[in-house]
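Just below is one structure, and these are the notes that go with it.
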Amino acid sequence: MNGIHYVLHRIHHGENEAAKELLRMAERQQTEHEVHHVARDLASWSQEHLNLLAKHAANFDLDLDDHADTPNGITSQLRETLANAIGPRPEPALLLLEDLRHLYLRTSENSLAWEMLAQLAQAKHERGLLALSEECHPQTLRQIRWANTMIKTQTPQALASL
Amino acid sequence: MAHSASTPPRIRDPWGERTPYGPAQSWPARVDQHLVVDEGAVERWVPTASLLHSNGDAMDIAVADGRIVGVRGRHGDRVNRGRLDVKDLYGWQANNSADRLTRPLVRGEDGLAPSDWDSAMGLVVQRSRDLLDSDGPGSLGFYTTGQLFAEEYYTLTTIARAGIGTGHLDGNTRLCTATAGEALKETFGSDGQPASYSDVDHADVIALFGHNVAETQPVLWMRILDRLAGGDPPKLLVVDPRRTPVATRAEIHLAPRPGTNLALLNALLHELIEHDLIDHNYLNRHTVGFAELAKQVEHCTPEWAAKICEMPAEDVRQAAWLLGSAQRLLCTVLQGVYQSHQATAAAVQVNNLVLLRGMLGRPGCGVLQMNGQPTAQNTRECGANGDLPGFRNWENAQHIAELAKIWNVDPLQIPHYGPPTHAMQIFRYAEQGSLKFLWITGTNPAVSLPELARIRSILSRDELFVVVQDIFLTETAQLADVVLPAATWGEKTGVFTNADRTVHLSEKAIEPPGDARPDLDILLDYARRMDFRDQDGGPLISWSDPESAYAAWQRCSAGRPCDYTDISYADLRSEGGIQWGGERLYTDGDFPAAPDECESYGRDLITGASVEQTEYRALNPAGKAVIKAAEFFPLHEDASSDYPFQLITGRTIYHFHTRTKTARAPELHAAAPDVWVELCAEDAESLAVAEGDLVDVVSPRGRIRARVRVTAIRRGTVFVPFHYGYWDTTGAAPPDDAPGRAANELTVTDWDPVSKQPLFKTSAARIDKVQP
């Protein structure tokens, strides 16, 4: 394993997890309509990152999946049913905060990984990888800011009403 | 619309006779009038302006025997020069309706029963106090309208934000103008309409984006029609999936697939940049962010947009050329953009268009981000929506300190730890159960919000105490715990402001019916009974009537972009309509966008995430206009094999909102008595349905029954007007298992992440033929 393999693996794993977490969140939060819709849009960024990562990895003899694992079908149906059943109760607001907190941490990790890739790419004069990081990293930062904004907006009501 | 021989002429031809004029000439007057008595029998003419749309047409109410007997447009007013919308000619009859609410109602064992003010207000106050003690201010919320007066909004804002201390106050302006306000904030730093209606007099190209002005602001359309009939007429570019009356007069009519406005706009911007039809000098001196936009739209060729919008690339090219060759370009935007996918992102690109072309602050140049409702501008200015009064920024500690000083309260009493809660989120908190008190003033969410089955179930929750203040027993009022009878236009005094910042004073002409009271009096009574205090123990609200409430609002607005201190009741009485900020804003390219002044630091146009103050200071230290770019995203709910049509909802010229007033005017009711669905001829043929047939329109949320109108709408798109509900059929809702007639039975619960405006024009639907 060389440094490039190490960091590409790391980002790939992180983006795969972010895509899955966002899609899971969209399913779980059917009754939180903004989260439900925007999370799917944000997942598409991570999916696109995986696609680009796979292309670049091939140049370094590294085989990475170009798309995210899909959440299990039956489980996801169950999640939807559950979301609609518990939608009108206050506790789900806490589950939403937890989902957003996890996403914030996951995407922050990814941001660090993109940073590491950019640093390494400069050290090794890998222009392609530097461009890749410059293209993808801003979208990761936007995912973080979204999670942060949603946490900021949702927290007062969720916690003050307990 | 079958009209008979007895149909009044203005119902048949809502825009009336032409008074042609040429560029830079003044628009000739034409006085419209409708009286049900001889003119000699009119005892008084009382000045006001229209409350049935956002155009702000000045008019006088004719009074005889203590009743309204007609109306007349005001000859000298800058907005309408005497003309009236057909709704205004006839809509006043609603004031005289026999079924006005005249007494408070309180819910008991057998439903709503007549009560008195003391008992009803006693209940409202008791529930407010109990909840403040047990659950805190976040358990109380207020949902208001775009149809009260400035004095009333400012009082409501003071009650909610400084008295109760809740962030949960919004208006139904969320449904009509939230995107207009947000787009202006994103680009210019603050709300405030840049252009003026008088720019129609000078423009050589008028581009209307999702703006069926003929039916939403008919008097503004009369002005455009008069230019079209005069010498050297302007050319119109119209973007609308329907062949509206405006589209029939267009030089170029683009009918993109619903939900793809941003793709089209990005391609238009691409063409302007590609062919260097931009004002580099203006961009360099007055804007930041152009490089980001150029990069974003680099790949957005007409061919790229043509695939997404499903329209010819050549049309995009022609439209860009028309925009690029204009000498005086006026752009207007309304619900076709605001209530569609990527609403704010698209509305902001129209701002970018005028900035790129340097078309701002000169006669005939500018942008009108329009409003839907008559007093929506005041909801926004006074902070009765998701903003703070005077276009203050909730993230700016200095702005909060100013407000706290004006109200003489601890800054912490004013919730500013997050953006004020938007309407859809207020209803979500009620659904979750953390919001237990909702006071609704002058609006009808049981017909106007998306996914009505859900809204009705929220309003019917036992745990939610619902107060409805209105003039009729609307669908929403029927679900309330307490109903408060209000006075309306003509029965109370106050100020309101139209979509081009023209302020009018609306005077009381007659007494309200029975025990009905002005909204201001009801709110002041609540404040008195709640005994709201400032931090020195004095009364929080020191005003007691419209003029003293207005004086309080003037003090609050002082020094802000919407400064009312120079516009007094006396001025409005003597001069008629007066614009705040002058005829045009930003004439010198100076914007209220400096970090210490701006109303918002902005949001991510895709995610809605807030831009942090430090980031904004770095981006825009000099307070220039901000050019923001955004990428196209696929629709959240697209047509599918089960639901092959795209459903858009909208308006007819004959009705306003949920028809509470207009359906009580016989002429307007007869002109559009029931819901319909528009289909194109090809779709009608493939469904084997014809004009007048009954069909069911079905979405994943519900089903309605409507008669078919075959029109020149885009193929694959169906249109249903949203005005129709149940108060004149089955009550608050359709009977169990029967198809409804409210378009919002069908609409998806989804909103623009930036402006939080619900998307009424992006639902999937199918058409089921009803066997006769």
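Chain labels run A, B, ... following the order of the structure tokens; each chain numbers its residues from 1, and ligands are numbered from 1 in the order shown.
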Go through chain A and flag each residue having an atom no more than 12 Å from chain B; for those, report the closest pair of atoms plus their distance in Å to one decimal, using only C-alpha atoms, ordered by chain and rising number, as a Markdown table.
```
| residue | atom | partner | partner_atom | distance |
| --- | --- | --- | --- | --- |
| A:Ala26 | CA | B:His636 | CA | 12.0 |
| A:Gln30 | CA | B:Thr749 | CA | 10.3 |
| A:Thr31 | CA | B:Arg428 | CA | 8.4 |
| A:Glu32 | CA | B:Arg428 | CA | 7.7 |
| A:His33 | CA | B:Asp750 | CA | 6.0 |
| A:Glu34 | CA | B:Asp750 | CA | 6.5 |
| A:Val35 | CA | B:Pro753 | CA | 9.2 |
| A:His36 | CA | B:Asp750 | CA | 9.0 |
| A:His37 | CA | B:His636 | CA | 6.7 |
| A:Val38 | CA | B:Thr607 | CA | 6.6 |
| A:Ala39 | CA | B:Thr607 | CA | 8.9 |
| A:Arg40 | CA | B:His636 | CA | 8.7 |
| A:Asp41 | CA | B:Phe633 | CA | 7.5 |
| A:Leu42 | CA | B:Thr607 | CA | 7.9 |
| A:Ala43 | CA | B:Thr607 | CA | 11.6 |
| A:Ser44 | CA | B:Phe633 | CA | 9.6 |
| A:Trp45 | CA | B:Phe633 | CA | 10.7 |
| A:Asn84 | CA | B:Gln432 | CA | 11.8 |
| A:Ala85 | CA | B:Gln432 | CA | 11.8 |
| A:Ile86 | CA | B:Gln432 | CA | 9.2 |
| A:Gly87 | CA | B:Gln432 | CA | 7.0 |
| A:Pro88 | CA | B:Gln432 | CA | 4.4 |
| A:Arg89 | CA | B:Gln432 | CA | 4.6 |
| A:Pro90 | CA | B:Gln432 | CA | 4.8 |
| A:Glu91 | CA | B:Gln432 | CA | 8.3 |
| A:Pro92 | CA | B:Gln432 | CA | 8.2 |
| A:Ala93 | CA | B:Gln432 | CA | 8.1 |
| A:Leu94 | CA | B:Gln432 | CA | 11.4 |
| A:Pro138 | CA | B:Asp604 | CA | 11.8 |
| A:Gln139 | CA | B:Thr607 | CA | 10.3 |
| A:Thr140 | CA | B:Thr607 | CA | 11.8 |
| A:Leu141 | CA | B:Ala609 | CA | 10.7 |
| A:Arg142 | CA | B:Thr607 | CA | 7.5 |
| A:Gln143 | CA | B:Thr607 | CA | 7.9 |
| A:Ile144 | CA | B:Ala609 | CA | 9.1 |
| A:Arg145 | CA | B:Ala609 | CA | 5.8 |
| A:Trp146 | CA | B:Ala609 | CA | 4.6 |
| A:Ala147 | CA | B:Ala609 | CA | 8.0 |
| A:Asn148 | CA | B:Ala609 | CA | 7.9 |
| A:Thr149 | CA | B:Ala609 | CA | 5.5 |
| A:Met150 | CA | B:Ala609 | CA | 7.6 |
| A:Ile151 | CA | B:Gly418 | CA | 10.0 |
| A:Lys152 | CA | B:Gly418 | CA | 6.6 |
| A:Thr153 | CA | B:Gly418 | CA | 5.5 |
| A:Gln154 | CA | B:Gly418 | CA | 8.7 |
| A:Thr155 | CA | B:Gly418 | CA | 9.5 |
| A:Pro156 | CA | B:Tyr417 | CA | 8.2 |
| A:Gln157 | CA | B:Gly138 | CA | 6.6 |
| A:Ala158 | CA | B:Ser434 | CA | 7.9 |
| A:Leu159 | CA | B:Ser434 | CA | 10.0 |
| A:Ala160 | CA | B:Gly138 | CA | 7.7 |
| A:Ser161 | CA | B:Ser434 | CA | 5.8 |
| A:Leu162 | CA | B:Ser434 | CA | 8.4 |
```
- Mind checking which residues fall within 10 Å of Thr70 of chain A, counting only C-alpha atoms, ignoring those fewer than 6 positions away in the same chain, and posting them as a list in words?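 So the residues in contact are Asn16, Ala19, Lys20, Leu23, Arg24 and Ser76 of chain A.
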- So how far away is atom CA of Leu679 of chain B from atom CA of Ala712 of chain B, in Å?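 So the answer is 7.7 Å.
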- Item | Distance in Å - atom CA of Gln478 of chain B versus atom CA of Ala120 of chain B |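 Between atom CA of Gln478 of chain B and atom CA of Ala120 of chain B the gap is 15.6 Å.
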- Query: Val205 of chain B: which residues within 6 Å, counting only C-alpha atoms, same-chain residues fewer than 5 positions away excluded, as a ChimeraX atom specification?
  - Reply: /B:234-236,326,329
- Item | Which of segment 398-588 of chain B DSSP labels strand (DSSP E), written as a PyMOL selection string | chain B and resi 437-441+465-470+482-485+494-497+502-506+578-579
- Message: Give me, as a ChimeraX atom specification, all polymer residues having an atom no more than 10 Å from segment 732-740 of chain B, counting only C-alpha atoms and skipping those fewer than 3 positions away in the same chain.
- Response: /B:446-447,452-453,456,473-479,696-698,702-706,724-729,743-746
Using C-alpha atoms, can you export the residues from the last selection as a compact mmCIF listing (two decimals), in the first residue's frame?
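As a result, selection-v5.txt now contains:
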```txt
# COMPACT_ATOMS: atom_id res chain seq x y z
CA ALA B 446 -56.97 24.02 4.93
CA VAL B 447 -57.22 24.93 1.23
CA LEU B 452 -54.49 18.89 2.43
CA ALA B 453 -55.30 15.57 4.07
CA ARG B 456 -56.51 18.85 8.05
CA LEU B 473 -66.30 30.56 8.43
CA THR B 474 -63.59 29.20 6.12
CA GLU B 475 -62.57 25.56 5.84
CA THR B 476 -59.83 26.37 8.38
CA ALA B 477 -62.17 28.20 10.75
CA GLN B 478 -64.41 25.13 10.82
CA LEU B 479 -61.51 23.19 12.39
CA ASP B 696 -60.37 12.51 -11.80
CA VAL B 697 -56.92 13.98 -11.32
CA VAL B 698 -54.99 11.63 -9.06
CA GLY B 702 -55.23 12.33 -3.25
CA ARG B 703 -57.88 12.61 -5.92
CA ILE B 704 -60.03 15.45 -7.21
CA ARG B 705 -62.80 15.56 -9.81
CA ALA B 706 -62.79 18.31 -12.41
CA TYR B 724 -61.56 25.89 -4.96
CA GLY B 725 -62.31 24.33 -1.58
CA TYR B 726 -65.37 23.10 0.29
CA TRP B 727 -67.00 25.96 2.21
CA ASP B 728 -69.67 26.24 -0.49
CA THR B 729 -70.03 22.47 -1.01
CA ALA B 743 -55.98 21.22 -6.12
CA ASN B 744 -53.92 20.92 -2.96
CA GLU B 745 -55.36 17.48 -2.22
CA LEU B 746 -52.80 16.46 -4.85
```
- Message: Could you pull out the helix (DSSP H, G or I) residues of segment 298-547 of chain B, going by DSSP on the backbone, and write them as number ranges by chain?
- Response: B: 302-309, 313-325, 335-338, 343-356, 376-382, 389-391, 397-407, 411-413, 423-432, 445-448, 452-459, 477-479, 519-530, 546-547
- Selection near Thr717 of chain B, 6 Å with only C-alpha atoms, sequence-local residues under 3 positions removed, as a ChimeraX atom specification: /B:645-647,714
Residues within 10 Å of Ile406 of chain B, only C-alpha atoms, excluding chain neighbours under 6 positions, as a compact mmCIF listing (two decimals) with C-alpha atoms, in the first residue's frame:
```txt
# COMPACT_ATOMS: atom_id res chain seq x y z
CA ILE B 400 -30.86 42.48 17.36
CA ALA B 552 -44.37 52.87 16.16
CA ARG B 555 -39.69 54.42 14.43
CA CYS B 556 -38.78 50.77 13.89
```
- Message: Ranking A:Ala118, A:Ala123, A:Ala68, A:Leu130 by minimum distance to Glu21 of chain A and counting only C-alpha atoms, which one comes first?
- Response: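 With only C-alpha atoms as the atom set, the closest residue is A:Ala68.
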- Item | Residue nearest His13 of chain A - candidates A:Ala113, A:Leu95, A:Leu100, A:Leu132, atoms counted: only C-alpha atoms | A:Ala113
- atom CA of Gly494 of chain B to atom CA of Leu220 of chain B, distance in Å rounded to a single decimal: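 So the answer is 23.7 Å.
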- Query: Between B:Pro114, B:Pro644, B:Pro666, B:Gly442, which is the closest to Phe142 of chain B once you count only C-alpha atoms?
  - Reply: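 Of the candidates, the smallest distance to Phe142 of chain B is held by B:Gly442.
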